[in-house]
>>> print(open('structure-v4.cif').read())   # mmCIF, C-alpha atoms
data_my_file
#
loop_
_atom_site.label_atom_id
_atom_site.label_comp_id
_atom_site.auth_asym_id
_atom_site.auth_seq_id
_atom_site.Cartn_x
_atom_site.Cartn_y
_atom_site.Cartn_z
CA MET Z 1 23.33 -35.32 -21.34
CA SER Z 2 24.76 -32.46 -19.32
CA VAL Z 3 22.91 -31.70 -16.10
CA ILE Z 4 22.96 -28.01 -16.90
CA ILE Z 5 20.71 -28.53 -19.95
CA TYR Z 6 18.16 -30.37 -17.83
CA ILE Z 7 18.25 -27.57 -15.28
CA ALA Z 8 17.80 -24.95 -18.00
CA VAL Z 9 14.72 -26.76 -19.38
CA MET Z 10 13.24 -27.20 -15.89
CA ALA Z 11 13.80 -23.60 -14.94
CA GLY Z 12 12.68 -22.22 -18.34
CA VAL Z 13 9.37 -24.11 -18.41
CA THR Z 14 8.62 -23.29 -14.78
CA TYR Z 15 9.35 -19.61 -15.28
CA LEU Z 16 7.19 -19.29 -18.42
CA ILE Z 17 4.26 -20.97 -16.67
CA ARG Z 18 4.49 -18.32 -13.96
CA MET Z 19 5.36 -15.32 -16.09
CA ILE Z 20 3.00 -15.48 -19.10
CA PRO Z 21 -0.42 -15.35 -17.38
CA PHE Z 22 0.79 -13.03 -14.63
CA THR Z 23 2.22 -10.56 -17.14
CA LEU Z 24 -0.48 -10.69 -19.81
CA PHE Z 25 -3.55 -10.70 -17.62
CA ARG Z 26 -4.48 -7.03 -17.18
CA LYS Z 27 -8.24 -6.66 -17.08
CA LYS Z 28 -10.40 -6.62 -14.02
CA ILE Z 29 -12.58 -9.66 -14.45
CA LYS Z 30 -16.26 -8.80 -14.95
CA SER Z 31 -17.86 -12.23 -14.86
CA THR Z 32 -19.20 -12.96 -11.38
CA PHE Z 33 -18.62 -16.67 -11.86
CA PHE Z 34 -14.98 -16.27 -12.86
CA ARG Z 35 -14.30 -13.70 -10.14
CA SER Z 36 -15.85 -15.97 -7.54
CA PHE Z 37 -13.89 -18.91 -8.94
CA LEU Z 38 -10.61 -17.03 -8.55
CA TYR Z 39 -11.65 -15.91 -5.08
CA TYR Z 40 -12.06 -19.52 -3.94
CA ILE Z 41 -9.02 -20.95 -5.78
CA PRO Z 42 -6.39 -20.13 -3.14
CA TYR Z 43 -8.36 -21.71 -0.32
CA ALA Z 44 -9.09 -24.78 -2.43
CA VAL Z 45 -5.44 -25.14 -3.52
CA LEU Z 46 -4.09 -24.81 0.01
CA SER Z 47 -6.64 -27.23 1.37
CA ALA Z 48 -5.81 -29.81 -1.32
CA ILE Z 49 -2.08 -29.43 -0.65
CA THR Z 50 -2.48 -29.66 3.12
CA ILE Z 51 -4.93 -32.52 3.43
CA PRO Z 52 -4.07 -35.32 3.73
CA ALA Z 53 -0.32 -34.53 3.43
CA ILE Z 54 -0.12 -32.81 6.84
CA PHE Z 55 -0.92 -36.11 8.57
CA TYR Z 56 2.42 -37.59 7.57
CA SER Z 57 4.42 -34.39 7.32
CA THR Z 58 6.68 -35.23 10.28
CA GLY Z 59 7.27 -38.81 9.23
CA ASN Z 60 5.19 -40.03 12.19
CA ILE Z 61 1.40 -40.00 12.09
CA THR Z 62 0.93 -39.45 15.85
CA THR Z 63 3.16 -36.38 16.11
CA SER Z 64 1.66 -35.09 12.84
CA VAL Z 65 -1.86 -35.30 14.26
CA ILE Z 66 -0.76 -33.55 17.48
CA GLY Z 67 0.85 -30.76 15.42
CA THR Z 68 -2.26 -30.49 13.25
CA VAL Z 69 -4.59 -30.20 16.24
CA VAL Z 70 -2.42 -27.45 17.73
CA ALA Z 71 -2.33 -25.60 14.38
CA VAL Z 72 -6.11 -25.84 13.91
CA ALA Z 73 -6.78 -24.60 17.44
CA LEU Z 74 -4.41 -21.64 17.19
CA ALA Z 75 -5.57 -20.76 13.67
CA TYR Z 76 -9.17 -20.84 14.87
CA PHE Z 77 -8.30 -18.06 17.32
CA LYS Z 78 -6.58 -16.13 14.53
CA LEU Z 79 -3.04 -16.17 15.88
CA PRO Z 80 -0.35 -14.89 13.48
CA LEU Z 81 0.93 -17.25 10.74
CA ILE Z 82 4.39 -17.63 12.24
CA VAL Z 83 3.00 -18.48 15.68
CA VAL Z 84 0.65 -21.14 14.30
CA ALA Z 85 3.38 -22.62 12.09
CA LEU Z 86 6.07 -22.82 14.76
CA ALA Z 87 3.72 -23.97 17.51
CA ALA Z 88 2.59 -26.88 15.32
CA SER Z 89 6.19 -27.86 14.76
CA ALA Z 90 7.17 -27.42 18.42
CA ALA Z 91 4.22 -29.53 19.54
CA ALA Z 92 5.19 -32.31 17.13
CA PHE Z 93 8.82 -32.14 18.26
CA ILE Z 94 8.08 -32.13 22.00
CA PHE Z 95 5.49 -34.88 21.73
CA GLY Z 96 7.95 -36.87 19.61
CA LEU Z 97 10.43 -36.93 22.48
CA PHE Z 98 7.99 -38.93 24.59
CA ILE Z 99 7.06 -41.68 22.14
CA MET R 1 8.74 1.08 -1.39
CA LYS R 2 11.16 0.24 1.39
CA THR R 3 8.29 -0.27 3.84
CA ASP R 4 6.61 -2.67 1.40
CA PHE R 5 9.85 -4.59 0.95
CA LEU R 6 10.35 -4.93 4.71
CA LYS R 7 6.75 -5.96 5.22
CA GLY R 8 7.28 -8.63 2.56
CA ILE R 9 10.38 -9.85 4.39
CA ARG R 10 8.50 -9.99 7.70
CA ASP R 11 5.47 -11.80 6.25
CA GLY R 12 7.84 -14.20 4.50
CA ILE R 13 9.67 -15.39 7.62
CA PRO R 14 7.37 -18.38 8.22
CA ILE R 15 7.79 -19.31 4.56
CA CYS R 16 11.56 -19.03 4.90
CA LEU R 17 11.61 -21.34 7.93
CA GLY R 18 9.27 -23.82 6.29
CA TYR R 19 11.32 -23.80 3.10
CA LEU R 20 14.51 -24.30 5.06
CA SER R 21 13.19 -27.61 6.36
CA VAL R 22 11.53 -28.79 3.13
CA SER R 23 14.50 -27.90 0.92
CA PHE R 24 16.83 -29.59 3.38
CA GLY R 25 15.07 -32.79 2.41
CA PHE R 26 15.37 -31.88 -1.25
CA GLY R 27 19.13 -31.38 -0.86
CA ILE R 28 19.53 -34.81 0.70
CA LEU R 29 17.42 -36.36 -2.05
CA ALA R 30 19.27 -34.70 -4.93
CA VAL R 31 22.72 -35.69 -3.67
CA GLY R 32 21.44 -39.19 -2.95
CA LEU R 33 20.44 -39.44 -6.62
CA GLY R 34 23.98 -38.57 -7.67
CA LEU R 35 23.73 -34.83 -8.35
CA SER R 36 26.47 -32.48 -7.19
CA ILE R 37 25.87 -29.97 -4.40
CA LEU R 38 26.22 -27.21 -6.98
CA SER R 39 23.54 -28.74 -9.23
CA ALA R 40 21.14 -29.16 -6.30
CA VAL R 41 21.62 -25.55 -5.21
CA GLY R 42 21.39 -24.35 -8.84
CA ILE R 43 18.06 -26.14 -9.28
CA SER R 44 16.63 -24.57 -6.13
CA LEU R 45 17.86 -21.12 -7.09
CA THR R 46 16.38 -21.23 -10.61
CA ASN R 47 13.17 -23.18 -9.95
CA LEU R 48 11.92 -22.25 -6.47
CA THR R 49 9.32 -25.00 -6.38
CA SER R 50 9.08 -28.24 -4.42
CA ALA R 51 7.13 -30.90 -6.29
CA GLY R 52 8.55 -29.91 -9.68
CA GLN R 53 12.12 -30.12 -8.42
CA VAL R 54 11.62 -33.51 -6.82
CA ALA R 55 10.19 -34.87 -10.08
CA GLY R 56 12.94 -33.08 -12.02
CA VAL R 57 15.89 -34.64 -10.21
CA GLY R 58 14.19 -38.01 -10.63
CA ILE R 59 14.17 -37.47 -14.41
CA ILE R 60 17.79 -36.30 -14.42
CA ALA R 61 18.88 -39.34 -12.40
CA ALA R 62 16.96 -41.68 -14.72
CA GLY R 63 18.43 -40.00 -17.81
CA GLY R 64 14.96 -39.07 -19.12
CA SER R 65 14.37 -36.96 -22.23
CA LEU R 66 14.11 -33.19 -22.24
CA ILE R 67 10.53 -33.48 -23.55
CA GLU R 68 9.60 -35.57 -20.54
CA MET R 69 11.25 -32.98 -18.33
CA ALA R 70 9.33 -30.11 -19.94
CA LEU R 71 5.95 -31.91 -19.84
CA THR R 72 6.39 -33.00 -16.24
CA GLN R 73 7.18 -29.47 -15.14
CA LEU R 74 4.22 -28.19 -17.14
CA VAL R 75 1.73 -30.54 -15.50
CA ILE R 76 3.06 -30.18 -11.96
CA ASN R 77 3.48 -26.43 -12.10
CA ILE R 78 0.52 -25.32 -14.25
CA ARG R 79 -1.23 -24.36 -11.02
CA TYR R 80 1.08 -21.33 -10.90
CA SER R 81 -0.69 -20.02 -14.01
CA LEU R 82 -4.02 -20.07 -12.20
CA MET R 83 -2.43 -18.46 -9.17
CA GLY R 84 -0.87 -15.79 -11.40
CA ILE R 85 -4.29 -14.88 -12.84
CA SER R 86 -5.83 -14.85 -9.39
CA LEU R 87 -3.03 -12.67 -8.00
CA SER R 88 -3.18 -10.33 -11.03
CA GLN R 89 -6.53 -9.11 -9.68
CA LYS R 90 -4.86 -7.74 -6.57
CA LEU R 91 -1.90 -5.86 -8.07
CA ASP R 92 -1.61 -2.14 -7.38
CA GLY R 93 -1.07 0.54 -10.04
CA SER R 94 2.73 0.51 -9.85
CA PHE R 95 2.90 -3.05 -11.19
CA ASN R 96 4.14 -2.42 -14.75
CA THR R 97 5.23 -5.08 -17.26
CA MET R 98 8.82 -5.20 -16.03
CA HIS R 99 7.76 -5.65 -12.41
CA ARG R 100 5.32 -8.36 -13.45
CA MET R 101 8.02 -10.24 -15.37
CA ILE R 102 10.38 -10.14 -12.40
CA ALA R 103 7.84 -10.75 -9.63
CA SER R 104 6.28 -13.73 -11.43
CA PHE R 105 9.41 -15.72 -10.61
CA GLY R 106 8.26 -15.71 -6.98
CA ILE R 107 4.84 -17.27 -7.50
CA THR R 108 4.91 -20.38 -5.31
CA ASP R 109 2.06 -21.96 -3.35
CA GLU R 110 3.20 -20.28 -0.16
CA ILE R 111 4.14 -16.84 -1.50
CA PHE R 112 0.91 -16.75 -3.48
CA ALA R 113 -1.09 -17.68 -0.39
CA VAL R 114 0.41 -14.90 1.68
CA ALA R 115 0.26 -12.29 -1.12
CA VAL R 116 -3.32 -13.01 -2.16
CA SER R 117 -4.54 -12.54 1.40
CA GLN R 118 -3.42 -8.87 1.25
CA LYS R 119 -5.76 -6.06 0.26
CA SER R 120 -3.48 -5.04 -2.60
CA VAL R 121 -0.03 -6.17 -3.67
CA SER R 122 2.89 -3.93 -4.67
CA PRO R 123 6.04 -5.04 -6.56
CA PHE R 124 8.35 -4.50 -3.59
CA TYR R 125 6.09 -6.45 -1.28
CA MET R 126 6.41 -9.38 -3.70
CA TYR R 127 10.18 -8.89 -3.86
CA GLY R 128 10.47 -8.94 -0.07
CA LEU R 129 8.43 -12.14 0.16
CA THR R 130 10.42 -13.73 -2.66
CA VAL R 131 13.90 -12.79 -1.41
CA ILE R 132 13.39 -14.11 2.12
CA SER R 133 11.66 -17.26 0.87
CA ALA R 134 14.32 -17.98 -1.75
CA LEU R 135 16.99 -17.46 0.90
CA GLY R 136 15.44 -20.22 2.99
CA TRP R 137 14.89 -22.46 -0.01
CA VAL R 138 18.43 -22.17 -1.39
CA SER R 139 20.30 -22.31 1.92
CA GLY R 140 18.20 -25.27 3.08
CA THR R 141 19.07 -27.09 -0.14
CA PHE R 142 22.75 -26.37 0.39
CA LEU R 143 22.68 -27.55 4.01
CA GLY R 144 20.78 -30.70 3.13
CA ALA R 145 23.07 -31.49 0.21
CA ALA R 146 26.25 -30.77 2.17
CA ALA R 147 25.43 -32.15 5.60
CA GLY R 148 22.13 -33.96 5.35
CA ASN R 149 22.73 -36.75 7.75
CA ILE R 150 23.91 -34.93 10.85
CA LEU R 151 20.58 -33.45 12.02
CA PRO R 152 18.62 -35.67 14.46
CA PRO R 153 15.56 -37.09 12.67
CA SER R 154 13.22 -35.92 15.45
CA LEU R 155 14.13 -32.31 14.64
CA SER R 156 14.13 -32.51 10.84
CA GLY R 157 10.86 -34.47 11.02
CA ALA R 158 9.13 -31.86 13.18
CA MET R 159 10.19 -29.14 10.74
CA GLY R 160 8.19 -30.91 8.05
CA ILE R 161 4.89 -29.63 9.46
CA VAL R 162 5.81 -25.91 9.48
CA LEU R 163 4.46 -25.05 6.02
CA TYR R 164 1.25 -27.00 6.48
CA GLY R 165 0.67 -25.26 9.80
CA MET R 166 1.01 -21.95 8.00
CA PHE R 167 -1.51 -23.04 5.37
CA LEU R 168 -4.04 -23.88 8.07
CA ALA R 169 -3.47 -20.46 9.60
CA ILE R 170 -4.34 -18.91 6.23
CA ILE R 171 -7.48 -20.92 5.45
CA ILE R 172 -9.13 -21.43 8.83
CA PRO R 173 -10.03 -17.84 9.86
CA PRO R 174 -11.89 -17.04 6.59
CA ALA R 175 -13.47 -20.51 6.59
CA LYS R 176 -14.83 -19.75 10.04
CA LYS R 177 -16.36 -16.50 8.77
CA GLU R 178 -17.64 -17.47 5.30
CA LYS R 179 -19.65 -20.50 4.33
CA GLY R 180 -18.35 -20.42 0.75
CA VAL R 181 -14.72 -20.66 1.84
CA LEU R 182 -15.55 -23.42 4.32
CA VAL R 183 -17.27 -25.48 1.60
CA ALA R 184 -14.38 -24.85 -0.84
CA VAL R 185 -11.89 -26.07 1.76
CA LEU R 186 -13.93 -29.16 2.61
CA ILE R 187 -14.55 -30.20 -1.01
CA ALA R 188 -10.89 -29.75 -1.92
CA ALA R 189 -9.74 -31.71 1.14
CA PHE R 190 -12.19 -34.51 0.37
CA LEU R 191 -11.16 -34.78 -3.29
CA SER R 192 -7.48 -34.59 -2.42
CA THR R 193 -7.89 -37.48 0.02
CA ILE R 194 -9.59 -39.52 -2.73
CA PHE R 195 -6.64 -38.87 -5.04
CA GLU R 196 -4.17 -39.82 -2.33
CA PHE R 197 -5.73 -43.16 -1.49
CA VAL R 198 -7.81 -44.22 -4.51
CA LEU R 199 -6.61 -42.46 -7.68
CA LYS R 200 -2.94 -42.90 -6.85
CA SER R 201 -1.73 -42.92 -10.46
CA VAL R 202 -2.56 -39.23 -10.94
CA SER R 203 0.56 -37.12 -10.29
CA GLY R 204 0.52 -34.79 -7.29
CA GLY R 205 0.57 -31.54 -9.24
CA PHE R 206 -2.22 -32.66 -11.53
CA ALA R 207 -4.36 -33.89 -8.63
CA ILE R 208 -4.09 -30.48 -6.95
CA ILE R 209 -5.32 -28.76 -10.10
CA ILE R 210 -8.32 -31.08 -10.46
CA CYS R 211 -9.29 -30.81 -6.77
CA SER R 212 -9.04 -27.05 -6.62
CA VAL R 213 -10.73 -26.33 -9.97
CA ILE R 214 -13.74 -28.53 -9.13
CA SER R 215 -14.03 -27.16 -5.62
CA ALA R 216 -13.69 -23.50 -6.64
CA ALA R 217 -16.14 -23.93 -9.55
CA VAL R 218 -18.78 -25.54 -7.33
CA CYS R 219 -18.44 -22.76 -4.76
CA ALA R 220 -18.49 -20.04 -7.44
CA VAL R 221 -21.93 -21.36 -8.47
CA LEU R 222 -23.30 -21.97 -4.96
CA PHE R 223 -21.77 -18.94 -3.24
CA PRO R 224 -21.07 -16.22 -5.82
CA VAL R 225 -18.92 -13.39 -4.48
CA SER R 226 -20.26 -9.89 -5.02
CA GLU R 227 -17.92 -7.06 -5.93
CA GLU R 228 -18.83 -5.16 -2.73
CA LYS R 229 -18.03 -8.13 -0.55
CA GLU R 230 -14.69 -8.62 -2.23
CA ALA R 231 -13.83 -4.97 -1.59
CA GLU R 232 -14.53 -5.43 2.11
CA GLU R 233 -11.80 -8.04 2.49
#
>>> encode(input="structure-v4.cif", output="structure tokens")
Amino acid sequence: MSVIIYIAVMAGVTYLIRMIPFTLFRKKIKSTFFRSFLYYIPYAVLSAITIPAIFYSTGNITTSVIGTVVAVALAYFKLPLIVVALAASAAAFIFGLFI
Amino acid sequence: MKTDFLKGIRDGIPICLGYLSVSFGFGILAVGLGLSILSAVGISLTNLTSAGQVAGVGIIAAGGSLIEMALTQLVINIRYSLMGISLSQKLDGSFNTMHRMIASFGITDEIFAVAVSQKSVSPFYMYGLTVISALGWVSGTFLGAAAGNILPPSLSGAMGIVLYGMFLAIIIPPAKKEKGVLVAVLIAAFLSTIFEFVLKSVSGGFAIIICSVISAAVCAVLFPVSEEKEAEE
């Protein structure tokens, strides 16, 4: 089968999943439960994506843990996203040079 | 309009850098499975998603059916539907149907995370975020596919933590301030760890849905959010 057909199916399904709810959902949600649920969803999703995956994100568990500790510390003091992200990576890279 | 677009670009720079490193790996993977550079770049340009693309090239390489392809994408990416509903609550008045149909293309874990943390979201803010992120995603794929093996592993490895570092920067400050967010984060992290080490047969995308739905539902019951409090954000 031609690769382009596969790509079209992949892209089509992925787009519809994104587009349909985002386009059709217009009301402000009244239910406190549902509103609270949607309020917590992003934090829950990001947490589930990050943990435990961050601990092997560099391909080495030691440098990953170092990077994670740096990210947690800087995030705790509310530094900007880009600073936290790059500092975590820099810490992992620099520490990696010594092991 | 222009200001919103530029703000989107600026806020999207960490996403762009993170995507550059992640998609670099995707480019290497796709070419390794026998796809052309053009196919790899085409997939990144039209899909803009990580887990779904990795599963997708696996199916292409294995010569799987189109039904399998569609179902796999559905399961892995259905979280974007939830994110779309969540984000729809933050859209400003200028978000008409056409803008929604275009901007929805940019709903990824990272773009969603940055957008939903804003007070309100305009179409051009979404476009700025999406353009800069897609630029990183597509060019990283190209570089990985074309020249994957020349970067030292210490550098490409260290780039792998960029996106996760950004996620921590998004969740930790509110978790520090609000008990509900802290509990949501801890439950989701706990469940996700269980899936990783015990319930390994559940696919990654599906595991994320289960973890986050359970965690958010529990917190919605234990720590309901009042309308006033939400407006303060």
>>> closest_residue(input="structure-v4.cif", among="R:Val183, R:Cys16, R:Val218, R:Met159", to="Gly67 (chain Z)", atoms="all atoms listed in the file")
R:Met159
>>> resolve_selection(input="structure-v4.cif", expression="the PyMOL selection byres ((chain Z and resi 48) around 12)", output="PyMOL selection string")
(chain Z and resi 41-47+49-54) or (chain R and resi 109+164+167-168+171+184-196+204-216)
>>> interface_residues(input="structure-v4.cif", of="chain Z", to="chain R", cutoff="7 Å", atoms="all atoms listed in the file", output="NGL selection string")
:Z and (6-7 or 9-11 or 13-15 or 17-19 or 21-23 or 25 or 28 or 32-33 or 36-38 or 40-52 or 54 or 57-59 or 68 or 71-72 or 75-76 or 78 or 81-82 or 84-86 or 88-89 or 92-93 or 96)
>>> atom_distance(input="structure-v4.cif", atom1="CA of Thr62 (chain Z)", atom2="CA of Val83 (chain Z)")
21.1 Å
>>> closest_residue(input="structure-v4.cif", among="Z:Leu74, Z:Leu79, Z:Thr63, Z:Val69", to="Phe98 (chain Z)", atoms="only C-alpha atoms")
Z:Thr63
>>> atom_distance(input="structure-v4.cif", atom1="CA of Leu129 (chain R)", atom2="CA of Pro80 (chain Z)")
16.2 Å
>>> atom_distance(input="structure-v4.cif", atom1="CA of Val65 (chain Z)", atom2="CA of Ala91 (chain Z)")
9.9 Å
>>> resolve_selection(input="structure-v4.cif", expression="the PyMOL selection byres ((chain R and resi 37) around 12)", output="number ranges by chain")
R: 24, 26-36, 38-44, 138-148
>>> resolve_selection(input="structure-v4.cif", expression="the PyMOL selection byres ((chain R and resi 8) around 10)", output="list in words")
Lys2, Thr3, Asp4, Phe5, Leu6, Lys7, Ile9, Arg10, Asp11, Gly12, Ile13, Ile111, Val114, Ala115, Val121, Ser122, Pro123, Phe124, Tyr125, Met126, Tyr127, Gly128, Leu129, Thr130, Val131, Ile132 and Ser133 of chain R
>>> write_last_selection(input="structure-v4.cif", atoms="C-alpha atoms", output="PDB file, in the coordinates of the input")
ATOM      1  CA  LYS R   2      11.160   0.240   1.390  1.00  0.00           C
ATOM      2  CA  THR R   3       8.290  -0.270   3.840  1.00  0.00           C
ATOM      3  CA  ASP R   4       6.610  -2.670   1.400  1.00  0.00           C
ATOM      4  CA  PHE R   5       9.850  -4.590   0.950  1.00  0.00           C
ATOM      5  CA  LEU R   6      10.350  -4.930   4.710  1.00  0.00           C
ATOM      6  CA  LYS R   7       6.750  -5.960   5.220  1.00  0.00           C
ATOM      7  CA  ILE R   9      10.380  -9.850   4.390  1.00  0.00           C
ATOM      8  CA  ARG R  10       8.500  -9.990   7.700  1.00  0.00           C
ATOM      9  CA  ASP R  11       5.470 -11.800   6.250  1.00  0.00           C
ATOM     10  CA  GLY R  12       7.840 -14.200   4.500  1.00  0.00           C
ATOM     11  CA  ILE R  13       9.670 -15.390   7.620  1.00  0.00           C
ATOM     12  CA  ILE R 111       4.140 -16.840  -1.500  1.00  0.00           C
ATOM     13  CA  VAL R 114       0.410 -14.900   1.680  1.00  0.00           C
ATOM     14  CA  ALA R 115       0.260 -12.290  -1.120  1.00  0.00           C
ATOM     15  CA  VAL R 121      -0.030  -6.170  -3.670  1.00  0.00           C
ATOM     16  CA  SER R 122       2.890  -3.930  -4.670  1.00  0.00           C
ATOM     17  CA  PRO R 123       6.040  -5.040  -6.560  1.00  0.00           C
ATOM     18  CA  PHE R 124       8.350  -4.500  -3.590  1.00  0.00           C
ATOM     19  CA  TYR R 125       6.090  -6.450  -1.280  1.00  0.00           C
ATOM     20  CA  MET R 126       6.410  -9.380  -3.700  1.00  0.00           C
ATOM     21  CA  TYR R 127      10.180  -8.890  -3.860  1.00  0.00           C
ATOM     22  CA  GLY R 128      10.470  -8.940  -0.070  1.00  0.00           C
ATOM     23  CA  LEU R 129       8.430 -12.140   0.160  1.00  0.00           C
ATOM     24  CA  THR R 130      10.420 -13.730  -2.660  1.00  0.00           C
ATOM     25  CA  VAL R 131      13.900 -12.790  -1.410  1.00  0.00           C
ATOM     26  CA  ILE R 132      13.390 -14.110   2.120  1.00  0.00           C
ATOM     27  CA  SER R 133      11.660 -17.260   0.870  1.00  0.00           C
TER      28      SER R 133
END
>>> closest_residue(input="structure-v4.cif", among="R:Gly93, R:Gly136, R:Pro152, R:Gly58", to="Leu20 (chain R)", atoms="all atoms listed in the file")
R:Gly136
